[in-house]
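Student: data00.cif is reproduced below (mmCIF, C-alpha atoms).
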```cif
data_input
loop_
_atom_site.label_atom_id
_atom_site.label_comp_id
_atom_site.auth_asym_id
_atom_site.auth_seq_id
_atom_site.Cartn_x
_atom_site.Cartn_y
_atom_site.Cartn_z
CA MET A 1 33.78 10.42 -0.71
CA ALA A 2 30.24 9.21 -1.48
CA LYS A 3 27.74 9.36 1.35
CA GLU A 4 26.79 5.93 2.63
CA ALA A 5 23.13 5.07 2.01
CA LYS A 6 21.01 5.02 5.15
CA LYS A 7 19.80 1.57 6.15
CA GLU A 8 16.14 0.88 6.75
CA ASN A 9 15.06 0.07 10.29
CA ASN A 10 13.25 -3.17 11.10
CA GLN A 11 14.49 -4.98 7.99
CA LYS A 12 15.00 -8.24 9.88
CA GLY A 13 11.49 -8.18 11.34
CA PHE A 14 9.95 -7.30 7.99
CA LYS A 15 11.80 -10.10 6.17
CA PHE A 16 10.95 -12.64 8.85
CA PHE A 17 7.23 -11.90 8.82
CA LYS A 18 7.18 -11.70 5.02
CA ALA A 19 8.82 -15.11 4.71
CA THR A 20 6.66 -16.85 7.31
CA LEU A 21 3.27 -15.18 7.13
CA GLY A 22 3.63 -14.61 3.39
CA VAL A 23 3.77 -18.34 2.71
CA ILE A 24 0.63 -18.91 4.78
CA PHE A 25 -1.18 -16.07 2.99
CA MET A 26 -0.27 -17.39 -0.47
CA LEU A 27 -1.23 -20.98 0.34
CA TYR A 28 -4.51 -20.03 2.01
CA TYR A 29 -5.84 -17.42 -0.41
CA ARG A 30 -3.91 -18.30 -3.59
CA PRO A 31 -4.05 -14.71 -4.88
CA LYS A 32 -3.22 -13.85 -8.46
CA ILE A 33 -0.66 -11.06 -8.84
CA VAL A 34 -0.77 -9.25 -12.18
CA ASN A 35 1.88 -6.88 -13.64
CA LYS A 36 4.28 -7.00 -10.69
CA HIS A 37 7.05 -6.19 -13.17
CA LEU A 38 5.72 -2.61 -13.18
CA ILE A 39 6.98 -2.01 -9.62
CA PRO A 40 10.28 -0.08 -9.83
CA LYS A 41 13.20 -2.00 -8.32
CA ASP A 42 14.76 1.12 -6.82
CA GLY A 43 14.04 4.77 -6.07
CA PRO A 44 11.20 6.20 -3.97
CA ILE A 45 7.80 4.67 -4.67
CA ILE A 46 4.32 4.84 -3.15
CA LEU A 47 2.21 1.70 -3.52
CA CYS A 48 -1.45 2.80 -3.52
CA GLY A 49 -4.61 0.82 -3.94
CA ASN A 50 -8.18 0.27 -2.82
CA HIS A 51 -8.88 -0.98 0.69
CA ILE A 52 -11.45 -3.74 1.23
CA HIS A 53 -9.88 -6.01 3.85
CA ILE A 54 -7.42 -5.93 6.76
CA LEU A 55 -4.99 -8.07 4.72
CA ASP A 56 -4.89 -5.80 1.65
CA GLN A 57 -1.23 -4.93 2.19
CA CYS A 58 -0.10 -8.57 1.96
CA ALA A 59 -0.23 -9.20 -1.80
CA PRO A 60 1.49 -5.88 -2.72
CA ILE A 61 4.25 -6.65 -0.21
CA LEU A 62 4.72 -10.13 -1.66
CA ALA A 63 4.83 -8.73 -5.20
CA THR A 64 8.17 -6.98 -4.66
CA LYS A 65 11.53 -7.79 -3.08
CA ARG A 66 11.61 -4.31 -1.55
CA MET A 67 10.74 -3.52 2.04
CA VAL A 68 7.43 -1.64 2.11
CA HIS A 69 6.70 0.77 4.97
CA TYR A 70 2.93 0.73 5.27
CA MET A 71 1.02 3.52 6.95
CA ALA A 72 -1.41 2.00 9.47
CA LYS A 73 -3.98 3.45 11.83
CA LYS A 74 -2.79 4.30 15.34
CA GLU A 75 -5.25 1.86 16.91
CA TYR A 76 -3.10 -1.03 15.68
CA PHE A 77 -0.18 0.35 17.66
CA ASP A 78 -2.24 0.67 20.84
CA GLY A 79 -3.36 -2.98 20.97
CA LYS A 80 -1.70 -6.24 21.91
CA PHE A 81 -0.21 -6.64 18.44
CA ALA A 82 1.60 -3.29 18.52
CA TRP A 83 4.94 -5.13 18.57
CA PHE A 84 4.10 -6.76 15.23
CA PHE A 85 3.36 -3.50 13.41
CA LYS A 86 6.47 -1.87 14.84
CA ALA A 87 8.68 -4.84 13.94
CA ALA A 88 7.28 -4.84 10.39
CA GLY A 89 8.32 -1.22 9.86
CA CYS A 90 4.80 0.26 9.72
CA ILE A 91 4.12 3.95 10.34
CA SER A 92 1.48 4.84 12.92
CA VAL A 93 -1.17 7.34 11.75
CA ASN A 94 -3.59 9.12 14.06
CA ARG A 95 -6.59 9.59 11.78
CA SER A 96 -8.42 11.88 14.23
CA ILE A 97 -5.93 14.70 13.65
CA HIS A 98 -3.66 16.06 10.94
CA ASP A 99 -0.80 13.75 11.95
CA SER A 100 2.30 15.74 11.02
CA ASP A 101 4.59 13.23 12.75
CA ALA A 102 3.33 10.38 10.56
CA LYS A 103 3.68 12.56 7.47
CA GLU A 104 7.28 13.42 8.37
CA LYS A 105 8.13 9.74 8.79
CA ALA A 106 6.51 8.93 5.44
CA LEU A 107 8.44 11.72 3.71
CA GLU A 108 11.65 10.45 5.31
CA VAL A 109 10.99 7.01 3.80
CA LEU A 110 10.59 8.54 0.34
CA ASN A 111 13.48 10.98 0.65
CA ASN A 112 15.70 8.00 1.46
CA GLY A 113 14.62 6.33 -1.78
CA TRP A 114 12.53 3.63 -0.11
CA ALA A 115 9.04 2.19 -0.63
CA LEU A 116 5.93 3.50 1.12
CA GLY A 117 2.52 1.83 1.12
CA LEU A 118 -0.80 3.51 1.83
CA PHE A 119 -4.49 3.35 1.06
CA PRO A 120 -5.70 6.70 -0.36
CA GLU A 121 -9.27 6.04 0.76
CA GLY A 122 -8.00 6.42 4.32
CA THR A 123 -10.08 3.55 5.68
CA ARG A 124 -11.62 0.26 4.58
CA ASN A 125 -14.47 0.62 2.12
CA ARG A 126 -17.51 -1.02 3.72
CA THR A 127 -19.99 0.58 1.30
CA GLU A 128 -21.49 -0.50 -2.01
CA GLU A 129 -19.44 2.16 -3.80
CA THR A 130 -16.51 0.96 -5.93
CA LEU A 131 -14.17 3.43 -4.22
CA LEU A 132 -14.37 6.02 -1.48
CA PRO A 133 -13.01 9.52 -2.25
CA PHE A 134 -9.20 9.65 -2.26
CA LYS A 135 -7.32 11.76 0.24
CA MET A 136 -4.55 13.97 -1.15
CA GLY A 137 -1.63 12.52 0.82
CA ALA A 138 -0.21 10.23 -1.86
CA VAL A 139 -0.12 12.76 -4.70
CA SER A 140 1.11 15.51 -2.37
CA MET A 141 4.02 13.44 -1.07
CA ALA A 142 4.85 12.24 -4.58
CA GLN A 143 5.05 15.83 -5.78
CA LYS A 144 7.27 16.87 -2.86
CA THR A 145 9.71 13.96 -3.11
CA GLY A 146 9.69 12.99 -6.77
CA ALA A 147 8.43 9.54 -5.80
CA THR A 148 6.72 7.30 -8.34
CA ILE A 149 3.13 6.29 -7.54
CA VAL A 150 2.40 2.64 -8.28
CA PRO A 151 -1.39 2.11 -8.37
CA PHE A 152 -2.97 -1.28 -7.79
CA ALA A 153 -6.49 -2.67 -7.71
CA ILE A 154 -7.60 -5.52 -5.45
CA THR A 155 -10.56 -7.53 -6.68
CA GLY A 156 -12.26 -10.74 -5.62
CA LYS A 157 -12.83 -11.97 -2.08
CA TYR A 158 -10.66 -13.20 0.76
CA LYS A 159 -11.88 -16.78 0.86
CA PHE A 160 -10.02 -20.04 1.24
CA TRP A 161 -8.58 -21.08 -2.12
CA ASN A 162 -10.62 -18.47 -3.94
CA ASN A 163 -8.73 -17.96 -7.20
CA LYS A 164 -10.60 -14.72 -7.94
CA LEU A 165 -8.60 -12.78 -5.36
CA THR A 166 -6.37 -10.64 -7.57
CA VAL A 167 -4.07 -7.64 -7.19
CA THR A 168 -3.46 -5.86 -10.49
CA PHE A 169 -0.68 -3.28 -10.73
CA LEU A 170 -1.29 -0.37 -13.09
CA GLU A 171 1.06 1.96 -14.96
CA PRO A 172 3.26 3.88 -12.48
CA PHE A 173 3.42 7.66 -12.80
CA LYS A 174 5.11 10.71 -11.34
CA VAL A 175 3.50 13.96 -10.22
CA GLY A 176 5.01 17.07 -11.77
CA LYS A 177 6.01 20.08 -9.69
CA ASN A 178 3.38 22.24 -11.36
CA ASP A 179 0.63 19.62 -11.70
CA ASP A 180 -2.83 20.33 -10.30
CA LEU A 181 -3.01 17.85 -7.42
CA GLU A 182 -6.80 17.61 -7.41
CA LYS A 183 -6.85 16.70 -11.10
CA VAL A 184 -4.02 14.20 -10.69
CA ASN A 185 -5.77 12.65 -7.69
CA GLU A 186 -9.03 12.24 -9.60
CA LYS A 187 -7.27 10.73 -12.63
CA PHE A 188 -5.36 8.40 -10.31
CA ARG A 189 -8.58 7.32 -8.57
CA ASN A 190 -10.27 6.68 -11.92
CA MET A 191 -7.40 4.41 -12.99
CA ILE A 192 -8.07 2.12 -10.04
CA LYS A 193 -11.85 2.44 -10.28
CA ASP A 194 -11.88 1.50 -13.97
CA CYS A 195 -9.72 -1.54 -13.28
CA ILE A 196 -11.98 -2.74 -10.46
CA GLU A 197 -15.13 -2.30 -12.53
CA SER A 198 -13.61 -4.06 -15.56
CA LYS A 199 -12.81 -7.07 -13.37
CA LYS A 200 -16.42 -7.20 -12.17
CA GLU A 201 -17.54 -7.48 -15.79
CA ASP A 202 -15.22 -10.43 -16.55
#
```
How does this structure look as C-alpha cells?

Tutor:
Amino acid sequence: MAKEAKKENNQKGFKFFKATLGVIFMLYYRPKIVNKHLIPKDGPIILCGNHIHILDQCAPILATKRMVHYMAKKEYFDGKFAWFFKAAGCISVNRSIHDSDAKEKALEVLNNGWALGLFPEGTRNRTEETLLPFKMGAVSMAQKTGATIVPFAITGKYKFWNNKLTVTFLEPFKVGKNDDLEKVNEKFRNMIKDCIESKKED
C-alpha cells in the first residue's frame, strides 16, 4: 500500500494571506513577473533571489500555485507580528548562530517534496553593490535533497504603480552529488547578478 503524502502545515493561513494580501500587493506595486513557467509544479524546489526589500518574497509567492515556506529571521517571530509569520508557514532562523533547528526544518520541507524560499545573501542588501556574497545554504541543501534551485532576480523599486518592479525567474538547475559547492554557488550568484545588471542597462 502506497504511503500517504504528508500534508503541509499552515496551508489555510498561507492561502488566506496570499489571496488577501497578494491582491493588495499586485494592485499597489503592479509588479511584472517574467518566466514564471520555469517554476516546477511539483517536487522539491528552492526559490532563491536577491534581497532588497522586506516584501521581496511576495512576487515569487504569487508567481506559483505552490505553498512556499520562506526562511525568515528570528526577530520577526519575536515581535507583535509573530502570529503572521507562523500562520504563513515561515521558518524562523537565528542568524547569530549556526541554527541547526532551522536547517532541519528546511530539509524536512525539501525531503517532503515541497517548496522552500530563501535569500542567499542572508540579509537585505543596503549597499551599492549589485549583490552581497552568497551563503552556502541553498546549494548545500539542494545537493543533500536533490531539490531544484529556481533563481530569480528582483529589479526596480517598490513604489506605488511603478511598472519597473520586476521579478525575473532564471533557468532552474540541480546540484550534483559530486559538484564543487563553492563553484556552483559562484556560478549561481553570477546568474542573478548578470540578470540584475542587464536590467539596469535597459

Student: Can you pull out every residue within 12 Å of A:Asn178, counting all atoms listed in the file, but drop anything in the same chain fewer than 4 positions away, and send it as a PDB file with C-alpha atoms, keeping the file's coordinate frame?

Tutor:
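Here's the written file selection.pdb:
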```
ATOM      1  CA  SER A 140       1.110  15.510  -2.370  1.00  0.00           C
ATOM      2  CA  GLN A 143       5.050  15.830  -5.780  1.00  0.00           C
ATOM      3  CA  LYS A 144       7.270  16.870  -2.860  1.00  0.00           C
ATOM      4  CA  LYS A 174       5.110  10.710 -11.340  1.00  0.00           C
ATOM      5  CA  GLU A 182      -6.800  17.610  -7.410  1.00  0.00           C
ATOM      6  CA  LYS A 183      -6.850  16.700 -11.100  1.00  0.00           C
ATOM      7  CA  VAL A 184      -4.020  14.200 -10.690  1.00  0.00           C
TER       8      VAL A 184
END
```

Student: Which residues are close to stretch 17-19 of chain A, i.e. within 8 Å by all atoms listed in the file, leaving aside same-chain residues fewer than 6 positions away? Reply as a list in words.

Tutor: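 The residues that qualify are Ile61, Leu62 and Ala88 of chain A.
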
Student: Between A:Gly117, A:Pro133, A:Gly89, A:Pro40, which residue has the minimum interatomic distance to A:Tyr70, considering all atoms listed in the file?

Tutor: A:Gly117

Student: How many Å lie between atom CA of A:Phe119 and atom CA of A:Ala106, rounded to one decimal?

Tutor: 13.1 Å

Student: Which residue, A:Leu107, A:Leu38, A:Ile24, A:Ala72, has the smallest gap to A:His51 when you use all atoms listed in the file?

Tutor: A:Ala72

Student: Could you check how far atom CA of A:Leu116 sits from atom CA of A:Thr130, in Å to one decimal?

Tutor: 23.7 Å

Student: Have a look at A:Arg95, A:Lys32, A:Lys135, A:Lys159 and name the one nearest to A:Phe188; count only C-alpha atoms.

Tutor: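 That would be A:Lys135, the residue with the smallest distance to A:Phe188.
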
Student: Please, what distance in Å, to one decimal, runs between atom CA of A:Ser198 and atom CA of A:Thr155?

Tutor: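 Atom CA of A:Thr155 lies at a distance of 10.0 Å from atom CA of A:Ser198.
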
Student: With distances taken over only C-alpha atoms, which of A:Asn125, A:Thr148, A:Asn163, A:Asn9 is nearest to A:Leu27?

Tutor: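 That would be A:Asn163, the residue with the smallest distance to A:Leu27.
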
Student: Extract, using all atoms listed in the file, all DNA, RNA and protein residues at most 12 Å from A:Ile46, discarding same-chain residues fewer than 5 positions from it, and format them as a ChimeraX atom specification.

Tutor: /A:39-40,60-61,66-71,106-107,109-111,113-120,137-143,145-152,172-175

Student: If the PyMOL selection byres ((chain A and resi 157) around 10) were run on this exact file, what residues would it hold? Put them as a VMD selection string.

Tutor: chain A and resid 29 31 52 to 53 154 to 156 158 to 160 162 to 166

Student: Kindly save the residues from that selection, with C-alpha atoms included, as a PDB file, in the coordinates of the input.

Tutor:
```pdb
ATOM      1  CA  TYR A  29      -5.840 -17.420  -0.410  1.00  0.00           C
ATOM      2  CA  PRO A  31      -4.050 -14.710  -4.880  1.00  0.00           C
ATOM      3  CA  ILE A  52     -11.450  -3.740   1.230  1.00  0.00           C
ATOM      4  CA  HIS A  53      -9.880  -6.010   3.850  1.00  0.00           C
ATOM      5  CA  ILE A 154      -7.600  -5.520  -5.450  1.00  0.00           C
ATOM      6  CA  THR A 155     -10.560  -7.530  -6.680  1.00  0.00           C
ATOM      7  CA  GLY A 156     -12.260 -10.740  -5.620  1.00  0.00           C
ATOM      8  CA  TYR A 158     -10.660 -13.200   0.760  1.00  0.00           C
ATOM      9  CA  LYS A 159     -11.880 -16.780   0.860  1.00  0.00           C
ATOM     10  CA  PHE A 160     -10.020 -20.040   1.240  1.00  0.00           C
ATOM     11  CA  ASN A 162     -10.620 -18.470  -3.940  1.00  0.00           C
ATOM     12  CA  ASN A 163      -8.730 -17.960  -7.200  1.00  0.00           C
ATOM     13  CA  LYS A 164     -10.600 -14.720  -7.940  1.00  0.00           C
ATOM     14  CA  LEU A 165      -8.600 -12.780  -5.360  1.00  0.00           C
ATOM     15  CA  THR A 166      -6.370 -10.640  -7.570  1.00  0.00           C
TER      16      THR A 166
END
```

Student: Which is closer to A:Arg124 than all the others in A:Leu47, A:Cys90, A:Ile97, A:Gln57, using all atoms listed in the file?

Tutor: A:Gln57

Student: Evaluating the PyMOL selection byres ((chain A and resi 193) around 12) on the displayed file yields which residues, as a PDB file with C-alpha atoms, keeping the file's coordinate frame?

Tutor:
```pdb
ATOM      1  CA  GLY A  49      -4.610   0.820  -3.940  1.00  0.00           C
ATOM      2  CA  ASN A  50      -8.180   0.270  -2.820  1.00  0.00           C
ATOM      3  CA  HIS A  51      -8.880  -0.980   0.690  1.00  0.00           C
ATOM      4  CA  GLU A 121      -9.270   6.040   0.760  1.00  0.00           C
ATOM      5  CA  GLU A 129     -19.440   2.160  -3.800  1.00  0.00           C
ATOM      6  CA  THR A 130     -16.510   0.960  -5.930  1.00  0.00           C
ATOM      7  CA  LEU A 131     -14.170   3.430  -4.220  1.00  0.00           C
ATOM      8  CA  LEU A 132     -14.370   6.020  -1.480  1.00  0.00           C
ATOM      9  CA  PRO A 133     -13.010   9.520  -2.250  1.00  0.00           C
ATOM     10  CA  PHE A 134      -9.200   9.650  -2.260  1.00  0.00           C
ATOM     11  CA  PRO A 151      -1.390   2.110  -8.370  1.00  0.00           C
ATOM     12  CA  PHE A 152      -2.970  -1.280  -7.790  1.00  0.00           C
ATOM     13  CA  ALA A 153      -6.490  -2.670  -7.710  1.00  0.00           C
ATOM     14  CA  ILE A 154      -7.600  -5.520  -5.450  1.00  0.00           C
ATOM     15  CA  THR A 155     -10.560  -7.530  -6.680  1.00  0.00           C
ATOM     16  CA  THR A 168      -3.460  -5.860 -10.490  1.00  0.00           C
ATOM     17  CA  LEU A 170      -1.290  -0.370 -13.090  1.00  0.00           C
ATOM     18  CA  GLU A 186      -9.030  12.240  -9.600  1.00  0.00           C
ATOM     19  CA  LYS A 187      -7.270  10.730 -12.630  1.00  0.00           C
ATOM     20  CA  PHE A 188      -5.360   8.400 -10.310  1.00  0.00           C
ATOM     21  CA  ARG A 189      -8.580   7.320  -8.570  1.00  0.00           C
ATOM     22  CA  ASN A 190     -10.270   6.680 -11.920  1.00  0.00           C
ATOM     23  CA  MET A 191      -7.400   4.410 -12.990  1.00  0.00           C
ATOM     24  CA  ILE A 192      -8.070   2.120 -10.040  1.00  0.00           C
ATOM     25  CA  ASP A 194     -11.880   1.500 -13.970  1.00  0.00           C
ATOM     26  CA  CYS A 195      -9.720  -1.540 -13.280  1.00  0.00           C
ATOM     27  CA  ILE A 196     -11.980  -2.740 -10.460  1.00  0.00           C
ATOM     28  CA  GLU A 197     -15.130  -2.300 -12.530  1.00  0.00           C
ATOM     29  CA  SER A 198     -13.610  -4.060 -15.560  1.00  0.00           C
ATOM     30  CA  LYS A 199     -12.810  -7.070 -13.370  1.00  0.00           C
ATOM     31  CA  LYS A 200     -16.420  -7.200 -12.170  1.00  0.00           C
TER      32      LYS A 200
END
```

Student: Counting all atoms listed in the file, what is within 6 Å of A:Ala102, bar same-chain residues fewer than 3 positions away, as a list in words?

Tutor: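 Residues near the query, excluding close chain neighbours: Val93, Asp99 and Lys105 of chain A.
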
Student: Store the residues picked out above, limited to C-alpha atoms, as a PDB file, keeping the file's coordinate frame.

Tutor:
```pdb
ATOM      1  CA  VAL A  93      -1.170   7.340  11.750  1.00  0.00           C
ATOM      2  CA  ASP A  99      -0.800  13.750  11.950  1.00  0.00           C
ATOM      3  CA  LYS A 105       8.130   9.740   8.790  1.00  0.00           C
TER       4      LYS A 105
END
```

Student: For N, CA, C and O atoms, please extract stretch 164-189 of chain A from the block and return it as a PDB file, in the first residue's frame.

Tutor:
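What follows is the written file part-v3.pdb:
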```
ATOM      1  N   LYS A 164       8.311  49.366 -13.176  1.00  0.00           N
ATOM      2  CA  LYS A 164       9.655  48.812 -13.339  1.00  0.00           C
ATOM      3  C   LYS A 164       9.984  47.753 -12.290  1.00  0.00           C
ATOM      4  O   LYS A 164      11.041  47.131 -12.352  1.00  0.00           O
ATOM      5  N   LEU A 165       9.097  47.554 -11.317  1.00  0.00           N
ATOM      6  CA  LEU A 165       9.329  46.494 -10.342  1.00  0.00           C
ATOM      7  C   LEU A 165       9.093  45.156 -11.044  1.00  0.00           C
ATOM      8  O   LEU A 165       7.990  44.863 -11.502  1.00  0.00           O
ATOM      9  N   THR A 166      10.153  44.358 -11.126  1.00  0.00           N
ATOM     10  CA  THR A 166      10.093  43.117 -11.902  1.00  0.00           C
ATOM     11  C   THR A 166      10.785  41.979 -11.167  1.00  0.00           C
ATOM     12  O   THR A 166      11.836  42.176 -10.560  1.00  0.00           O
ATOM     13  N   VAL A 167      10.183  40.791 -11.204  1.00  0.00           N
ATOM     14  CA  VAL A 167      10.875  39.585 -10.748  1.00  0.00           C
ATOM     15  C   VAL A 167      11.038  38.680 -11.969  1.00  0.00           C
ATOM     16  O   VAL A 167      10.065  38.355 -12.649  1.00  0.00           O
ATOM     17  N   THR A 168      12.276  38.346 -12.261  1.00  0.00           N
ATOM     18  CA  THR A 168      12.593  37.526 -13.430  1.00  0.00           C
ATOM     19  C   THR A 168      13.136  36.180 -12.979  1.00  0.00           C
ATOM     20  O   THR A 168      14.169  36.107 -12.305  1.00  0.00           O
ATOM     21  N   PHE A 169      12.456  35.107 -13.338  1.00  0.00           N
ATOM     22  CA  PHE A 169      12.915  33.766 -12.988  1.00  0.00           C
ATOM     23  C   PHE A 169      13.898  33.283 -14.041  1.00  0.00           C
ATOM     24  O   PHE A 169      13.705  33.491 -15.244  1.00  0.00           O
ATOM     25  N   LEU A 170      14.964  32.647 -13.569  1.00  0.00           N
ATOM     26  CA  LEU A 170      16.025  32.161 -14.443  1.00  0.00           C
ATOM     27  C   LEU A 170      15.984  30.641 -14.520  1.00  0.00           C
ATOM     28  O   LEU A 170      15.216  29.996 -13.801  1.00  0.00           O
ATOM     29  N   GLU A 171      16.805  30.074 -15.378  1.00  0.00           N
ATOM     30  CA  GLU A 171      16.774  28.625 -15.628  1.00  0.00           C
ATOM     31  C   GLU A 171      17.056  27.823 -14.354  1.00  0.00           C
ATOM     32  O   GLU A 171      18.108  27.981 -13.727  1.00  0.00           O
ATOM     33  N   PRO A 172      16.120  26.975 -13.939  1.00  0.00           N
ATOM     34  CA  PRO A 172      16.335  26.141 -12.744  1.00  0.00           C
ATOM     35  C   PRO A 172      17.472  25.146 -12.973  1.00  0.00           C
ATOM     36  O   PRO A 172      17.773  24.772 -14.106  1.00  0.00           O
ATOM     37  N   PHE A 173      18.095  24.718 -11.892  1.00  0.00           N
ATOM     38  CA  PHE A 173      19.176  23.740 -12.015  1.00  0.00           C
ATOM     39  C   PHE A 173      19.268  22.887 -10.758  1.00  0.00           C
ATOM     40  O   PHE A 173      18.784  23.251  -9.696  1.00  0.00           O
ATOM     41  N   LYS A 174      19.886  21.729 -10.913  1.00  0.00           N
ATOM     42  CA  LYS A 174      20.132  20.831  -9.786  1.00  0.00           C
ATOM     43  C   LYS A 174      21.621  20.844  -9.449  1.00  0.00           C
ATOM     44  O   LYS A 174      22.456  21.175 -10.298  1.00  0.00           O
ATOM     45  N   VAL A 175      21.944  20.458  -8.235  1.00  0.00           N
ATOM     46  CA  VAL A 175      23.327  20.368  -7.795  1.00  0.00           C
ATOM     47  C   VAL A 175      23.699  18.889  -7.699  1.00  0.00           C
ATOM     48  O   VAL A 175      23.055  18.126  -6.973  1.00  0.00           O
ATOM     49  N   GLY A 176      24.703  18.488  -8.448  1.00  0.00           N
ATOM     50  CA  GLY A 176      25.115  17.091  -8.453  1.00  0.00           C
ATOM     51  C   GLY A 176      25.783  16.670  -7.149  1.00  0.00           C
ATOM     52  O   GLY A 176      26.332  17.500  -6.423  1.00  0.00           O
ATOM     53  N   LYS A 177      25.739  15.387  -6.875  1.00  0.00           N
ATOM     54  CA  LYS A 177      26.319  14.855  -5.634  1.00  0.00           C
ATOM     55  C   LYS A 177      27.814  15.137  -5.516  1.00  0.00           C
ATOM     56  O   LYS A 177      28.352  15.286  -4.421  1.00  0.00           O
ATOM     57  N   ASN A 178      28.498  15.195  -6.647  1.00  0.00           N
ATOM     58  CA  ASN A 178      29.947  15.402  -6.615  1.00  0.00           C
ATOM     59  C   ASN A 178      30.362  16.813  -7.047  1.00  0.00           C
ATOM     60  O   ASN A 178      31.549  17.079  -7.242  1.00  0.00           O
ATOM     61  N   ASP A 179      29.396  17.703  -7.194  1.00  0.00           N
ATOM     62  CA  ASP A 179      29.715  19.066  -7.622  1.00  0.00           C
ATOM     63  C   ASP A 179      30.469  19.833  -6.532  1.00  0.00           C
ATOM     64  O   ASP A 179      30.232  19.622  -5.332  1.00  0.00           O
ATOM     65  N   ASP A 180      31.341  20.716  -6.955  1.00  0.00           N
ATOM     66  CA  ASP A 180      32.045  21.610  -6.044  1.00  0.00           C
ATOM     67  C   ASP A 180      31.076  22.726  -5.649  1.00  0.00           C
ATOM     68  O   ASP A 180      30.706  23.557  -6.483  1.00  0.00           O
ATOM     69  N   LEU A 181      30.656  22.744  -4.383  1.00  0.00           N
ATOM     70  CA  LEU A 181      29.625  23.677  -3.957  1.00  0.00           C
ATOM     71  C   LEU A 181      30.041  25.144  -4.091  1.00  0.00           C
ATOM     72  O   LEU A 181      29.214  26.001  -4.409  1.00  0.00           O
ATOM     73  N   GLU A 182      31.310  25.431  -3.846  1.00  0.00           N
ATOM     74  CA  GLU A 182      31.757  26.822  -3.966  1.00  0.00           C
ATOM     75  C   GLU A 182      31.660  27.301  -5.411  1.00  0.00           C
ATOM     76  O   GLU A 182      31.255  28.441  -5.676  1.00  0.00           O
ATOM     77  N   LYS A 183      32.015  26.446  -6.349  1.00  0.00           N
ATOM     78  CA  LYS A 183      31.932  26.810  -7.767  1.00  0.00           C
ATOM     79  C   LYS A 183      30.480  26.954  -8.201  1.00  0.00           C
ATOM     80  O   LYS A 183      30.128  27.885  -8.934  1.00  0.00           O
ATOM     81  N   VAL A 184      29.633  26.038  -7.747  1.00  0.00           N
ATOM     82  CA  VAL A 184      28.207  26.109  -8.091  1.00  0.00           C
ATOM     83  C   VAL A 184      27.603  27.384  -7.515  1.00  0.00           C
ATOM     84  O   VAL A 184      26.829  28.080  -8.176  1.00  0.00           O
ATOM     85  N   ASN A 185      27.971  27.699  -6.285  1.00  0.00           N
ATOM     86  CA  ASN A 185      27.429  28.879  -5.613  1.00  0.00           C
ATOM     87  C   ASN A 185      27.826  30.159  -6.343  1.00  0.00           C
ATOM     88  O   ASN A 185      27.017  31.086  -6.495  1.00  0.00           O
ATOM     89  N   GLU A 186      29.064  30.214  -6.802  1.00  0.00           N
ATOM     90  CA  GLU A 186      29.539  31.398  -7.520  1.00  0.00           C
ATOM     91  C   GLU A 186      28.855  31.527  -8.878  1.00  0.00           C
ATOM     92  O   GLU A 186      28.462  32.634  -9.290  1.00  0.00           O
ATOM     93  N   LYS A 187      28.677  30.409  -9.569  1.00  0.00           N
ATOM     94  CA  LYS A 187      28.000  30.419 -10.870  1.00  0.00           C
ATOM     95  C   LYS A 187      26.543  30.847 -10.689  1.00  0.00           C
ATOM     96  O   LYS A 187      26.008  31.642 -11.475  1.00  0.00           O
ATOM     97  N   PHE A 188      25.920  30.337  -9.661  1.00  0.00           N
ATOM     98  CA  PHE A 188      24.540  30.649  -9.304  1.00  0.00           C
ATOM     99  C   PHE A 188      24.395  32.148  -9.018  1.00  0.00           C
ATOM    100  O   PHE A 188      23.487  32.822  -9.515  1.00  0.00           O
ATOM    101  N   ARG A 189      25.316  32.684  -8.225  1.00  0.00           N
ATOM    102  CA  ARG A 189      25.296  34.114  -7.898  1.00  0.00           C
ATOM    103  C   ARG A 189      25.471  34.954  -9.155  1.00  0.00           C
ATOM    104  O   ARG A 189      24.800  35.983  -9.330  1.00  0.00           O
TER     105      ARG A 189
END
```
